[in-house]
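What follows is the content of query.pdb (PDB, C-alpha atoms and all ligand atoms).
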ATOM      1  CA  MET A1063    -213.704 -27.432  -1.281
ATOM      2  CA  ASP A1064    -212.795 -24.354  -3.281
ATOM      3  CA  ASN A1065    -214.686 -21.712  -1.342
ATOM      4  CA  ARG A1066    -214.546 -19.196  -4.159
ATOM      5  CA  SER A1067    -216.418 -21.471  -6.495
ATOM      6  CA  ALA A1068    -218.764 -22.957  -3.938
ATOM      7  CA  THR A1069    -220.285 -19.837  -2.464
ATOM      8  CA  VAL A1070    -222.082 -16.771  -3.704
ATOM      9  CA  ALA A1071    -221.374 -13.356  -2.269
ATOM     10  CA  ALA A1072    -223.391 -12.264   0.751
ATOM     11  CA  ALA A1073    -225.864  -9.515   0.018
ATOM     12  CA  PRO A1074    -224.580  -6.263   1.506
ATOM     13  CA  PRO A1075    -227.181  -4.068   3.158
ATOM     14  CA  LEU A1076    -228.822  -1.850   0.581
ATOM     15  CA  ALA A1077    -227.823   1.779   0.757
ATOM     16  CA  GLY A1078    -231.467   2.523   1.441
ATOM     17  CA  GLN A1079    -234.559   0.344   1.409
ATOM     18  CA  ILE A1080    -237.375   2.116  -0.391
ATOM     19  CA  PRO A1081    -240.157   2.764   2.129
ATOM     20  CA  GLY A1082    -243.062   0.399   1.521
ATOM     21  CA  TRP A1083    -240.963  -2.045  -0.522
ATOM     22  CA  PHE A1084    -238.826  -5.108   0.208
ATOM     23  CA  SER A1085    -235.676  -5.166  -1.915
ATOM     24  CA  GLU A1086    -232.957  -7.774  -2.380
ATOM     25  CA  GLU A1087    -229.802  -6.533  -4.039
ATOM     26  CA  TRP A1088    -228.004  -9.129  -6.134
ATOM     27  CA  ALA A1089    -224.504  -8.648  -4.805
ATOM     28  CA  GLY A1090    -221.917  -7.776  -7.426
ATOM     29  CA  GLU A1091    -224.474  -7.825 -10.235
ATOM     30  CA  GLY A1092    -225.712  -4.218 -10.103
ATOM     31  CA  SER A1093    -229.282  -5.431 -10.049
ATOM     32  CA  GLY A1094    -231.929  -6.781  -7.718
ATOM     33  CA  ILE A1095    -235.605  -7.279  -7.147
ATOM     34  CA  SER A1096    -238.220  -5.305  -5.239
ATOM     35  CA  PHE A1097    -241.752  -6.052  -4.084
ATOM     36  CA  ARG A1098    -244.262  -3.392  -3.094
ATOM     37  CA  LEU A1099    -245.583  -4.397   0.325
ATOM     38  CA  ARG A1100    -248.901  -4.324   2.041
ATOM     39  CA  GLY A1101    -247.267  -5.119   5.363
ATOM     40  CA  LYS A1102    -244.984  -7.321   7.442
ATOM     41  CA  LEU A1103    -246.513 -10.458   8.929
ATOM     42  CA  ALA A1104    -243.589 -11.850  10.948
ATOM     43  CA  ASP A1105    -240.016 -11.018  11.897
ATOM     44  CA  VAL A1106    -238.274 -13.724  13.911
ATOM     45  CA  GLN A1107    -234.604 -14.165  14.753
ATOM     46  CA  SER A1108    -234.148 -17.920  15.108
ATOM     47  CA  GLU A1109    -231.048 -19.711  16.324
ATOM     48  CA  PHE A1110    -229.902 -19.865  12.697
ATOM     49  CA  GLN A1111    -231.212 -16.881  10.761
ATOM     50  CA  ARG A1112    -233.584 -13.933  10.516
ATOM     51  CA  ILE A1113    -236.932 -15.095   9.148
ATOM     52  CA  GLU A1114    -239.299 -12.483   7.740
ATOM     53  CA  VAL A1115    -242.710 -12.874   6.160
ATOM     54  CA  PHE A1116    -244.315 -10.054   4.172
ATOM     55  CA  GLU A1117    -247.603  -9.529   2.451
ATOM     56  CA  THR A1118    -246.793  -8.133  -0.984
ATOM     57  CA  GLU A1119    -249.077  -6.269  -3.314
ATOM     58  CA  ARG A1120    -248.814  -8.634  -6.323
ATOM     59  CA  PHE A1121    -246.735 -11.704  -5.339
ATOM     60  CA  GLY A1122    -248.798 -12.890  -2.387
ATOM     61  CA  THR A1123    -246.919 -13.888   0.744
ATOM     62  CA  LEU A1124    -243.125 -13.553   0.674
ATOM     63  CA  LEU A1125    -240.682 -15.484   2.886
ATOM     64  CA  THR A1126    -237.124 -14.198   3.269
ATOM     65  CA  LEU A1127    -234.183 -15.673   5.199
ATOM     66  CA  ASP A1128    -231.436 -13.264   6.212
ATOM     67  CA  GLY A1129    -232.842 -10.777   3.708
ATOM     68  CA  LEU A1130    -232.865 -13.180   0.741
ATOM     69  CA  VAL A1131    -236.029 -14.145  -1.120
ATOM     70  CA  MET A1132    -236.967 -17.808  -0.600
ATOM     71  CA  VAL A1133    -240.599 -18.225  -1.569
ATOM     72  CA  THR A1134    -243.522 -16.222  -2.823
ATOM     73  CA  SER A1135    -246.957 -17.741  -3.011
ATOM     74  CA  ARG A1136    -247.278 -16.541  -6.623
ATOM     75  CA  ASP A1137    -244.346 -18.312  -8.259
ATOM     76  CA  ASN A1138    -242.966 -21.016  -5.914
ATOM     77  CA  PHE A1139    -244.579 -23.726  -8.060
ATOM     78  CA  LEU A1140    -241.857 -23.251 -10.673
ATOM     79  CA  TYR A1141    -239.045 -24.046  -8.255
ATOM     80  CA  HIS A1142    -240.772 -26.806  -6.326
ATOM     81  CA  GLU A1143    -242.078 -28.651  -9.382
ATOM     82  CA  MET A1144    -238.717 -28.445 -11.156
ATOM     83  CA  LEU A1145    -236.691 -29.558  -8.161
ATOM     84  CA  VAL A1146    -238.943 -32.520  -7.416
ATOM     85  CA  HIS A1147    -240.597 -33.986 -10.512
ATOM     86  CA  PRO A1148    -237.642 -34.399 -12.896
ATOM     87  CA  ALA A1149    -235.839 -36.447 -10.227
ATOM     88  CA  LEU A1150    -238.861 -38.498  -9.208
ATOM     89  CA  TYR A1151    -239.974 -39.269 -12.755
ATOM     90  CA  ALA A1152    -236.384 -40.007 -13.837
ATOM     91  CA  HIS A1153    -236.236 -42.685 -11.126
ATOM     92  CA  PRO A1154    -238.088 -45.876 -12.125
ATOM     93  CA  ALA A1155    -239.452 -46.583  -8.622
ATOM     94  CA  PRO A1156    -238.912 -43.842  -6.026
ATOM     95  CA  ARG A1157    -240.141 -45.384  -2.772
ATOM     96  CA  ASP A1158    -237.919 -43.760  -0.156
ATOM     97  CA  VAL A1159    -237.282 -40.044  -0.527
ATOM     98  CA  LEU A1160    -235.192 -37.783   1.713
ATOM     99  CA  ILE A1161    -235.528 -33.994   1.622
ATOM    100  CA  ILE A1162    -232.720 -31.963   3.164
ATOM    101  CA  GLY A1163    -233.928 -28.449   4.006
ATOM    102  CA  GLY A1164    -237.283 -27.682   2.442
ATOM    103  CA  GLY A1165    -238.651 -26.040   5.587
ATOM    104  CA  ASP A1166    -241.456 -24.271   3.736
ATOM    105  CA  CYS A1167    -242.750 -27.761   2.774
ATOM    106  CA  GLY A1168    -243.363 -26.891  -0.890
ATOM    107  CA  SER A1169    -241.067 -29.694  -2.078
ATOM    108  CA  LEU A1170    -242.581 -32.170   0.375
ATOM    109  CA  GLN A1171    -246.010 -31.405  -1.021
ATOM    110  CA  GLN A1172    -244.815 -32.138  -4.573
ATOM    111  CA  VAL A1173    -243.128 -35.411  -3.518
ATOM    112  CA  LEU A1174    -246.355 -36.585  -1.874
ATOM    113  CA  ARG A1175    -248.137 -36.292  -5.228
ATOM    114  CA  HIS A1176    -246.210 -39.393  -6.352
ATOM    115  CA  ARG A1177    -248.288 -42.363  -5.293
ATOM    116  CA  GLU A1178    -245.415 -44.840  -5.534
ATOM    117  CA  VAL A1179    -243.560 -42.921  -2.808
ATOM    118  CA  GLU A1180    -243.901 -44.908   0.420
ATOM    119  CA  ARG A1181    -241.859 -42.761   2.807
ATOM    120  CA  VAL A1182    -240.678 -39.149   2.716
ATOM    121  CA  THR A1183    -238.296 -37.969   5.395
ATOM    122  CA  GLN A1184    -237.679 -34.234   5.634
ATOM    123  CA  VAL A1185    -234.770 -32.930   7.687
ATOM    124  CA  GLU A1186    -234.831 -29.153   8.163
ATOM    125  CA  ILE A1187    -232.405 -27.480  10.521
ATOM    126  CA  ASP A1188    -234.654 -24.579  11.498
ATOM    127  CA  GLU A1189    -238.010 -25.567  12.965
ATOM    128  CA  GLN A1190    -239.073 -21.926  13.102
ATOM    129  CA  VAL A1191    -239.161 -21.778   9.287
ATOM    130  CA  THR A1192    -241.667 -24.627   9.129
ATOM    131  CA  ARG A1193    -243.786 -23.293  11.997
ATOM    132  CA  LEU A1194    -244.036 -19.879  10.321
ATOM    133  CA  CYS A1195    -244.850 -21.464   6.952
ATOM    134  CA  GLU A1196    -247.600 -23.587   8.517
ATOM    135  CA  ARG A1197    -249.136 -20.286   9.596
ATOM    136  CA  PHE A1198    -248.442 -18.065   6.592
ATOM    137  CA  PHE A1199    -248.193 -20.579   3.699
ATOM    138  CA  PRO A1200    -250.918 -23.078   4.700
ATOM    139  CA  GLU A1201    -251.319 -24.059   1.040
ATOM    140  CA  LEU A1202    -247.739 -25.444   1.020
ATOM    141  CA  CYS A1203    -248.122 -27.279   4.329
ATOM    142  CA  ALA A1204    -251.576 -28.763   3.725
ATOM    143  CA  ASP A1205    -250.235 -32.306   3.274
ATOM    144  CA  ASN A1206    -247.726 -32.352   6.143
ATOM    145  CA  GLY A1207    -249.961 -34.769   8.027
ATOM    146  CA  ASP A1208    -249.751 -37.413   5.270
ATOM    147  CA  PRO A1209    -248.810 -40.673   7.044
ATOM    148  CA  ARG A1210    -245.982 -41.211   4.553
ATOM    149  CA  ALA A1211    -244.262 -37.982   5.677
ATOM    150  CA  THR A1212    -241.965 -37.561   8.684
ATOM    151  CA  LEU A1213    -240.501 -34.194   9.619
ATOM    152  CA  HIS A1214    -237.310 -33.898  11.660
ATOM    153  CA  PHE A1215    -235.718 -30.665  12.817
ATOM    154  CA  GLU A1216    -231.994 -31.204  12.983
ATOM    155  CA  ASP A1217    -228.813 -30.935  10.969
ATOM    156  CA  GLY A1218    -229.360 -32.528   7.565
ATOM    157  CA  ILE A1219    -225.662 -33.159   6.988
ATOM    158  CA  ASP A1220    -225.439 -35.204  10.182
ATOM    159  CA  TRP A1221    -228.589 -37.058   9.160
ATOM    160  CA  VAL A1222    -227.117 -38.108   5.824
ATOM    161  CA  ARG A1223    -223.775 -38.972   7.433
ATOM    162  CA  ARG A1224    -225.544 -41.308   9.885
ATOM    163  CA  ALA A1225    -227.902 -42.874   7.320
ATOM    164  CA  PRO A1226    -227.298 -46.599   6.715
ATOM    165  CA  PRO A1227    -225.815 -47.146   3.239
ATOM    166  CA  GLY A1228    -228.448 -47.521   0.525
ATOM    167  CA  SER A1229    -231.345 -45.997   2.495
ATOM    168  CA  TYR A1230    -232.908 -43.791  -0.179
ATOM    169  CA  ASP A1231    -233.967 -43.820  -3.829
ATOM    170  CA  VAL A1232    -233.962 -40.041  -4.184
ATOM    171  CA  ILE A1233    -232.351 -37.307  -2.073
ATOM    172  CA  LEU A1234    -233.591 -33.759  -2.694
ATOM    173  CA  VAL A1235    -231.543 -30.828  -1.430
ATOM    174  CA  ASP A1236    -233.865 -27.862  -1.034
ATOM    175  CA  GLY A1237    -231.543 -25.460   0.706
ATOM    176  CA  SER A1238    -231.095 -21.734   0.610
ATOM    177  CA  ASP A1239    -228.149 -20.047  -1.080
ATOM    178  CA  PRO A1240    -224.649 -21.389  -0.347
ATOM    179  CA  LEU A1241    -224.112 -18.949   2.504
ATOM    180  CA  GLY A1242    -224.399 -19.515   6.243
ATOM    181  CA  PRO A1243    -226.100 -22.771   7.260
ATOM    182  CA  ALA A1244    -226.594 -23.955   3.636
ATOM    183  CA  ALA A1245    -222.970 -23.591   2.449
ATOM    184  CA  VAL A1246    -222.080 -27.115   3.595
ATOM    185  CA  LEU A1247    -224.737 -28.538   1.259
ATOM    186  CA  PHE A1248    -222.339 -27.881  -1.628
ATOM    187  CA  ALA A1249    -219.281 -29.454   0.002
ATOM    188  CA  GLU A1250    -217.658 -32.659  -1.227
ATOM    189  CA  GLU A1251    -218.191 -34.339   2.146
ATOM    190  CA  PHE A1252    -221.951 -33.882   1.847
ATOM    191  CA  TYR A1253    -222.028 -35.188  -1.727
ATOM    192  CA  ALA A1254    -220.037 -38.256  -0.653
ATOM    193  CA  ALA A1255    -222.444 -38.913   2.228
ATOM    194  CA  CYS A1256    -225.426 -38.629  -0.150
ATOM    195  CA  PHE A1257    -223.746 -41.046  -2.575
ATOM    196  CA  ALA A1258    -223.396 -43.604   0.210
ATOM    197  CA  ALA A1259    -226.970 -43.083   1.449
ATOM    198  CA  LEU A1260    -228.466 -43.718  -2.014
ATOM    199  CA  ARG A1261    -229.388 -47.125  -3.387
ATOM    200  CA  PRO A1262    -227.936 -48.232  -6.740
ATOM    201  CA  GLY A1263    -229.589 -46.121  -9.445
ATOM    202  CA  GLY A1264    -230.496 -43.514  -6.825
ATOM    203  CA  ILE A1265    -230.674 -39.838  -7.695
ATOM    204  CA  LEU A1266    -229.413 -36.775  -5.835
ATOM    205  CA  ALA A1267    -231.134 -33.551  -6.954
ATOM    206  CA  GLY A1268    -230.396 -30.131  -5.561
ATOM    207  CA  GLN A1269    -231.041 -26.497  -6.291
ATOM    208  CA  THR A1270    -227.897 -25.063  -7.914
ATOM    209  CA  GLU A1271    -228.501 -21.318  -8.285
ATOM    210  CA  SER A1272    -228.398 -19.139 -11.419
ATOM    211  CA  PRO A1273    -226.637 -20.230 -14.610
ATOM    212  CA  LEU A1274    -225.962 -16.589 -15.429
ATOM    213  CA  PHE A1275    -224.603 -15.478 -12.053
ATOM    214  CA  HIS A1276    -223.219 -18.675 -10.509
ATOM    215  CA  LEU A1277    -221.513 -20.603 -13.289
ATOM    216  CA  ASP A1278    -218.499 -21.375 -11.075
ATOM    217  CA  LEU A1279    -220.794 -22.951  -8.503
ATOM    218  CA  LEU A1280    -222.419 -25.109 -11.178
ATOM    219  CA  THR A1281    -219.041 -26.246 -12.438
ATOM    220  CA  HIS A1282    -218.104 -27.063  -8.845
ATOM    221  CA  VAL A1283    -221.289 -29.143  -8.463
ATOM    222  CA  HIS A1284    -220.541 -31.196 -11.601
ATOM    223  CA  ARG A1285    -216.902 -31.676 -10.591
ATOM    224  CA  THR A1286    -217.826 -32.679  -7.041
ATOM    225  CA  ALA A1287    -220.573 -35.093  -8.081
ATOM    226  CA  LYS A1288    -218.154 -36.907 -10.385
ATOM    227  CA  ALA A1289    -215.364 -36.820  -7.790
ATOM    228  CA  VAL A1290    -217.427 -38.680  -5.191
ATOM    229  CA  GLY A1291    -218.517 -41.370  -7.649
ATOM    230  CA  PHE A1292    -221.769 -40.324  -9.319
ATOM    231  CA  VAL A1293    -221.878 -41.742 -12.842
ATOM    232  CA  ASP A1294    -223.822 -38.856 -14.320
ATOM    233  CA  CYS A1295    -224.568 -35.223 -13.452
ATOM    234  CA  GLN A1296    -227.003 -33.134 -15.460
ATOM    235  CA  THR A1297    -228.386 -29.643 -14.945
ATOM    236  CA  LEU A1298    -231.876 -28.469 -15.819
ATOM    237  CA  PHE A1299    -232.928 -24.870 -16.367
ATOM    238  CA  PHE A1300    -236.139 -23.037 -15.550
ATOM    239  CA  PRO A1301    -237.432 -19.509 -15.062
ATOM    240  CA  GLN A1302    -237.729 -18.164 -11.518
ATOM    241  CA  CYS A1303    -238.332 -14.452 -11.712
ATOM    242  CA  VAL A1304    -237.852 -13.730  -7.993
ATOM    243  CA  TYR A1305    -234.388 -15.310  -7.693
ATOM    244  CA  PRO A1306    -231.168 -13.639  -8.842
ATOM    245  CA  SER A1307    -231.145 -13.161 -12.643
ATOM    246  CA  GLY A1308    -234.653 -14.642 -12.918
ATOM    247  CA  TRP A1309    -233.216 -17.899 -14.251
ATOM    248  CA  TRP A1310    -232.503 -20.901 -12.046
ATOM    249  CA  THR A1311    -231.193 -24.465 -12.096
ATOM    250  CA  ALA A1312    -231.418 -27.803 -10.391
ATOM    251  CA  SER A1313    -228.758 -30.462 -10.893
ATOM    252  CA  LEU A1314    -229.311 -34.205 -10.819
ATOM    253  CA  ALA A1315    -226.622 -36.792 -10.172
ATOM    254  CA  ARG A1316    -227.247 -40.508 -10.596
ATOM    255  CA  LYS A1317    -225.427 -43.185  -8.658
ATOM    256  CA  SER A1318    -224.997 -46.037 -11.082
ATOM    257  CA  GLU A1319    -226.575 -45.309 -14.445
ATOM    258  CA  THR A1320    -226.910 -42.305 -16.712
ATOM    259  CA  LEU A1321    -230.063 -40.218 -16.506
ATOM    260  CA  GLN A1322    -232.462 -40.961 -19.323
ATOM    261  CA  PRO A1323    -235.748 -39.339 -20.346
ATOM    262  CA  PRO A1324    -238.527 -41.216 -18.523
ATOM    263  CA  PRO A1325    -240.519 -43.614 -20.733
ATOM    264  CA  ALA A1326    -244.079 -42.472 -21.538
ATOM    265  CA  THR A1327    -245.466 -45.163 -19.229
ATOM    266  CA  ARG A1328    -243.850 -43.405 -16.286
ATOM    267  CA  PHE A1329    -246.203 -40.441 -16.757
ATOM    268  CA  GLN A1330    -249.429 -42.460 -16.760
ATOM    269  CA  GLY A1331    -251.783 -41.036 -14.152
ATOM    270  CA  MET A1332    -249.596 -37.956 -13.617
ATOM    271  CA  PRO A1333    -251.539 -35.303 -11.680
ATOM    272  CA  ALA A1334    -252.028 -31.894 -13.304
ATOM    273  CA  MET A1335    -249.089 -29.619 -12.604
ATOM    274  CA  GLN A1336    -248.760 -25.883 -13.074
ATOM    275  CA  TYR A1337    -245.446 -25.960 -14.967
ATOM    276  CA  TYR A1338    -243.984 -29.458 -15.247
ATOM    277  CA  THR A1339    -245.009 -31.703 -18.152
ATOM    278  CA  PRO A1340    -243.159 -34.571 -19.876
ATOM    279  CA  GLN A1341    -242.226 -32.088 -22.620
ATOM    280  CA  VAL A1342    -240.947 -29.542 -20.101
ATOM    281  CA  HIS A1343    -238.885 -32.325 -18.521
ATOM    282  CA  GLN A1344    -237.090 -33.008 -21.776
ATOM    283  CA  ALA A1345    -236.705 -29.355 -22.778
ATOM    284  CA  ALA A1346    -235.373 -28.287 -19.368
ATOM    285  CA  PHE A1347    -232.267 -30.434 -19.785
ATOM    286  CA  ALA A1348    -231.251 -28.691 -23.033
ATOM    287  CA  ALA A1349    -228.078 -26.882 -22.022
ATOM    288  CA  PRO A1350    -227.153 -23.398 -23.261
ATOM    289  CA  ALA A1351    -223.944 -23.210 -25.339
ATOM    290  CA  PHE A1352    -222.073 -21.117 -22.736
ATOM    291  CA  PHE A1353    -222.841 -23.717 -20.078
ATOM    292  CA  VAL A1354    -221.519 -26.588 -22.192
ATOM    293  CA  ARG A1355    -218.377 -24.536 -22.901
ATOM    294  CA  ALA A1356    -217.901 -23.818 -19.181
ATOM    295  CA  LEU A1357    -217.988 -27.534 -18.377
ATOM    296  CA  GLN A1358    -215.582 -28.287 -21.217
ATOM    297  CA  ALA A1359    -213.236 -25.547 -20.051
ATOM    298  CA  ALA A1360    -213.246 -27.117 -16.581
ATOM    299  CA  GLY A1361    -212.269 -30.470 -18.100
ATOM    300  CA  LEU A1362    -215.693 -31.974 -17.392
ATOM    301  CA  ASP A1363    -217.595 -34.252 -19.713
ATOM    302  CA  PRO A1364    -220.351 -32.109 -21.232
ATOM    303  CA  ALA A1365    -222.238 -35.162 -22.551
ATOM    304  CA  GLY A1366    -224.887 -34.942 -19.887
ATOM    305  CA  ALA A1367    -225.193 -31.217 -20.464
ATOM    306  CA  ALA A1368    -226.193 -31.771 -24.065
ATOM    307  CA  GLY A1369    -229.717 -32.668 -22.969
ATOM    308  CA  GLN A1370    -231.723 -35.834 -22.671
ATOM    309  CA  GLY A1371    -233.306 -35.772 -26.090
TER     310      GLY A1371
HETATM  311  N1  LIG A1401    -231.736 -17.125  -3.859
HETATM  312  C1  LIG A1401    -232.759 -17.970  -3.349
HETATM  313  C2  LIG A1401    -232.469 -19.415  -3.441
HETATM  314  C3  LIG A1401    -233.475 -20.175  -2.663
HETATM  315  C4  LIG A1401    -233.459 -21.621  -2.906
HETATM  316  N2  LIG A1401    -234.307 -22.340  -1.992
HETATM  317  C5  LIG A1401    -235.617 -21.913  -1.863
HETATM  318  C6  LIG A1401    -236.394 -22.775  -0.929
HETATM  319  C7  LIG A1401    -237.753 -23.054  -1.428
HETATM  320  N3  LIG A1401    -238.297 -24.239  -0.872
END

Take the structure from the file and write it as C-alpha cells.
Amino acid sequence: MDNRSATVAAAPPLAGQIPGWFSEEWAGEGSGISFRLRGKLADVQSEFQRIEVFETERFGTLLTLDGLVMVTSRDNFLYHEMLVHPALYAHPAPRDVLIIGGGDCGSLQQVLRHREVERVTQVEIDEQVTRLCERFFPELCADNGDPRATLHFEDGIDWVRRAPPGSYDVILVDGSDPLGPAAVLFAEEFYAACFAALRPGGILAGQTESPLFHLDLLTHVHRTAKAVGFVDCQTLFFPQCVYPSGWWTASLARKSETLQPPPATRFQGMPAMQYYTPQVHQAAFAAPAFFVRALQAAGLDPAGAAGQG
C-alpha cells in the first residue's frame, strides 16, 4: 500500500484550545471546526484510543476519538443514511450484512430498517465506544437488541480474513479516519479479504473521506478495489458539515456486476428517512469534474464516476 495516498495527516495539537469550545484543526488545510460546549460528559482512555463525549450548545452530543469528530446527534443522519442505504438499495436482496467498525451503532440502526435483512453482524474493535454510545447516544443504540443483530468486539480485519468465502451480501466499513486502528481498513489486504467474503453480486461500501481534502485516498480506493477484483467502484458525495471540508464521500465496489440505479420497485415500502430518497441516491453518484479528471489521471476508468443516471 502506498502510505502517502492511503492516510490523512494526524491532527497536531492546536496551539491553544479556546476555553469553552472543542476544536478540531484540519491538518495542513489551515481550517477546522469548533463547537461551543456546555460541558464534558466522558473522557476515557481505552486500549485503542481516547474517547471523549461532550454536550455542545447547538449540535447536541458530540463523540470524538483521539480528538477527531466522529458523531454529533444533530447531523449524524447524513453520514449514516448515505453509508448504508445506497448500498442496501443497490443490492437486490441484502440478507446478510456485515458492519466493520460502527461502534456508535448509527449504521446498524439504519441497516435494521431494511426488512429483507435477516442477519447483521457488527464487528467493532473498541467495546468502550459502544458502551459509551449506549449511554450518551441512546437514540442510535435503541435497536441494538433486535434479534437480527449480533455485536462482536474484536478486530474486524481478522473477522473478514476468517470469514468463509461468500458469507455476506453487503459489507459496510464504518471506520474512523485512516489513522491509527482504522488505517488498515484502506489496505489492499483488507479489500481482498472483503472481496472473498462477499457473495457474487455483493457490495462493499465504506466511508472514504473528503473529496476536497483526500483525493489521493479516493484514487487509492478505486485503484485498490479494481486491483483485488471488484468489477465496479463508484463514489457518492454528500454534505457533512462537521467533517473536514464539510463534504464527504462513501465508495461502493461491486463483486460481479456494475452498480445500477435501483428499480422503483426496490423502494416500495421504504421508511421515511431524513436525507436519503431515491432521487438523492441517483444525484449523489454524480461525480464532480475534478474527481473524474483525478481518476483519469491515475489511469482509472472514470465510467463509474460519471454517475448512475
Ligand atoms: N473525520 C471523521 C471521519 C469519521 C468517519 N466515521 C464516523 C463514524 C460514524 N459512525

Identify, on the basis of only C-alpha atoms, every residue whose closest approach to A:Ala1315 does not exceed 6 Å; exclude the query and any residue fewer than 3 positions from it along the same chain; express the result as a list in words. Ile1265, Leu1266, Asp1294 and Cys1295 of chain A

Residues of chain A within 10 Å of ligand LIG 1401 (chain A): nearest atom pair and distance (Å, one decimal) for each, counting only C-alpha atoms and all ligand atoms, sorted by chain and number, as a Markdown table?
| residue | atom | partner | partner_atom | distance |
| --- | --- | --- | --- | --- |
| A:Val1070 | CA | A:LIG1401 | N1 | 9.7 |
| A:Glu1086 | CA | A:LIG1401 | N1 | 9.5 |
| A:Trp1088 | CA | A:LIG1401 | N1 | 9.1 |
| A:Leu1125 | CA | A:LIG1401 | C7 | 9.2 |
| A:Thr1126 | CA | A:LIG1401 | C1 | 8.8 |
| A:Leu1127 | CA | A:LIG1401 | C1 | 9.0 |
| A:Gly1129 | CA | A:LIG1401 | N1 | 9.9 |
| A:Leu1130 | CA | A:LIG1401 | N1 | 6.2 |
| A:Val1131 | CA | A:LIG1401 | C1 | 5.5 |
| A:Met1132 | CA | A:LIG1401 | C5 | 4.5 |
| A:Val1133 | CA | A:LIG1401 | C7 | 5.6 |
| A:Thr1134 | CA | A:LIG1401 | C7 | 9.1 |
| A:Asn1138 | CA | A:LIG1401 | C7 | 7.2 |
| A:Phe1139 | CA | A:LIG1401 | C7 | 9.5 |
| A:Tyr1141 | CA | A:LIG1401 | C7 | 7.0 |
| A:His1142 | CA | A:LIG1401 | N3 | 6.5 |
| A:Leu1145 | CA | A:LIG1401 | N3 | 9.2 |
| A:Gly1163 | CA | A:LIG1401 | N3 | 7.8 |
| A:Gly1164 | CA | A:LIG1401 | N3 | 4.9 |
| A:Gly1165 | CA | A:LIG1401 | N3 | 6.7 |
| A:Asp1166 | CA | A:LIG1401 | N3 | 5.6 |
| A:Cys1167 | CA | A:LIG1401 | N3 | 6.7 |
| A:Gly1168 | CA | A:LIG1401 | N3 | 5.7 |
| A:Ser1169 | CA | A:LIG1401 | N3 | 6.2 |
| A:Leu1170 | CA | A:LIG1401 | N3 | 9.1 |
| A:Leu1202 | CA | A:LIG1401 | N3 | 9.7 |
| A:Val1235 | CA | A:LIG1401 | N2 | 8.9 |
| A:Asp1236 | CA | A:LIG1401 | N2 | 5.6 |
| A:Gly1237 | CA | A:LIG1401 | N2 | 5.0 |
| A:Ser1238 | CA | A:LIG1401 | N2 | 4.2 |
| A:Asp1239 | CA | A:LIG1401 | C2 | 5.0 |
| A:Pro1240 | CA | A:LIG1401 | C2 | 8.6 |
| A:Ala1244 | CA | A:LIG1401 | N2 | 9.7 |
| A:Gly1268 | CA | A:LIG1401 | N2 | 9.4 |
| A:Gln1269 | CA | A:LIG1401 | C4 | 6.4 |
| A:Thr1270 | CA | A:LIG1401 | C4 | 8.2 |
| A:Glu1271 | CA | A:LIG1401 | C2 | 6.5 |
| A:Ser1272 | CA | A:LIG1401 | N1 | 8.5 |
| A:Gln1302 | CA | A:LIG1401 | C1 | 9.6 |
| A:Val1304 | CA | A:LIG1401 | C1 | 8.1 |
| A:Tyr1305 | CA | A:LIG1401 | N1 | 5.0 |
| A:Pro1306 | CA | A:LIG1401 | N1 | 6.1 |
| A:Ser1307 | CA | A:LIG1401 | N1 | 9.7 |
| A:Gly1308 | CA | A:LIG1401 | N1 | 9.8 |
| A:Trp1310 | CA | A:LIG1401 | C2 | 8.7 |
| A:Thr1311 | CA | A:LIG1401 | C4 | 9.9 |
| A:Ala1312 | CA | A:LIG1401 | C4 | 9.9 |

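Closest approach to A:Leu1140 among A:Cys1303, A:Ala1258, A:Met1332, A:Val1283 is made by A:Cys1303 (distances from all atoms listed in the file).
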
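Residues of protein, DNA and RNA with at least one atom no farther than 9 Å from (-232.3, -38.0, -9.0) are, using all atoms listed in the file, Val1146, Pro1148, Ala1149, Leu1150, Tyr1151, Ala1152, His1153, Asp1231, Val1232, Ile1233, Leu1234, Gly1263, Gly1264, Ile1265, Leu1266, Ala1267, Gly1268, Ser1313, Leu1314, Ala1315, Arg1316, Lys1317 and Leu1321 of chain A.
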
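Among the candidates A:Gly1101, A:Pro1350, A:Gly1082, A:Pro1156, the residue lying nearest to A:Leu1277 is A:Pro1350 (atoms considered: only C-alpha atoms).
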
Report task. Name the residues, using the chain letters and numbers of the file, that sit within 7 Å of (-230.4, -23.9, -19.1) when counting all atoms listed in the file, and give them as a ChimeraX atom specification. Result -> /A:1273,1298-1300,1346-1350

Applying 7 Å and only C-alpha atoms, which residues near A:Leu1124 remain after dropping the ones on its own chain fewer than 6 positions away? List them as a short mmCIF file (atom, residue, chain, number, x, y, z; two decimals) with C-alpha atoms, keeping the file's coordinate frame.
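See selection-v6.cif below for the written result:
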data_model
loop_
_atom_site.label_atom_id
_atom_site.label_comp_id
_atom_site.auth_asym_id
_atom_site.auth_seq_id
_atom_site.Cartn_x
_atom_site.Cartn_y
_atom_site.Cartn_z
CA VAL A 1115 -242.71 -12.87 6.16
CA PHE A 1116 -244.32 -10.05 4.17
CA GLU A 1117 -247.60 -9.53 2.45
CA THR A 1118 -246.79 -8.13 -0.98
CA VAL A 1133 -240.60 -18.23 -1.57
CA THR A 1134 -243.52 -16.22 -2.82
CA SER A 1135 -246.96 -17.74 -3.01
#

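When all atoms listed in the file are used to measure the gap to A:Tyr1230, the shortest distance among A:Leu1160, A:His1282, A:Thr1297, A:Pro1200 belongs to A:Leu1160.
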
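Of the residues under consideration (A:Leu1099, A:Pro1301, A:Asn1206, A:Val1342), A:Pro1301 shows the shortest atom-to-atom contact distance to A:Asp1137 when counting all atoms listed in the file.
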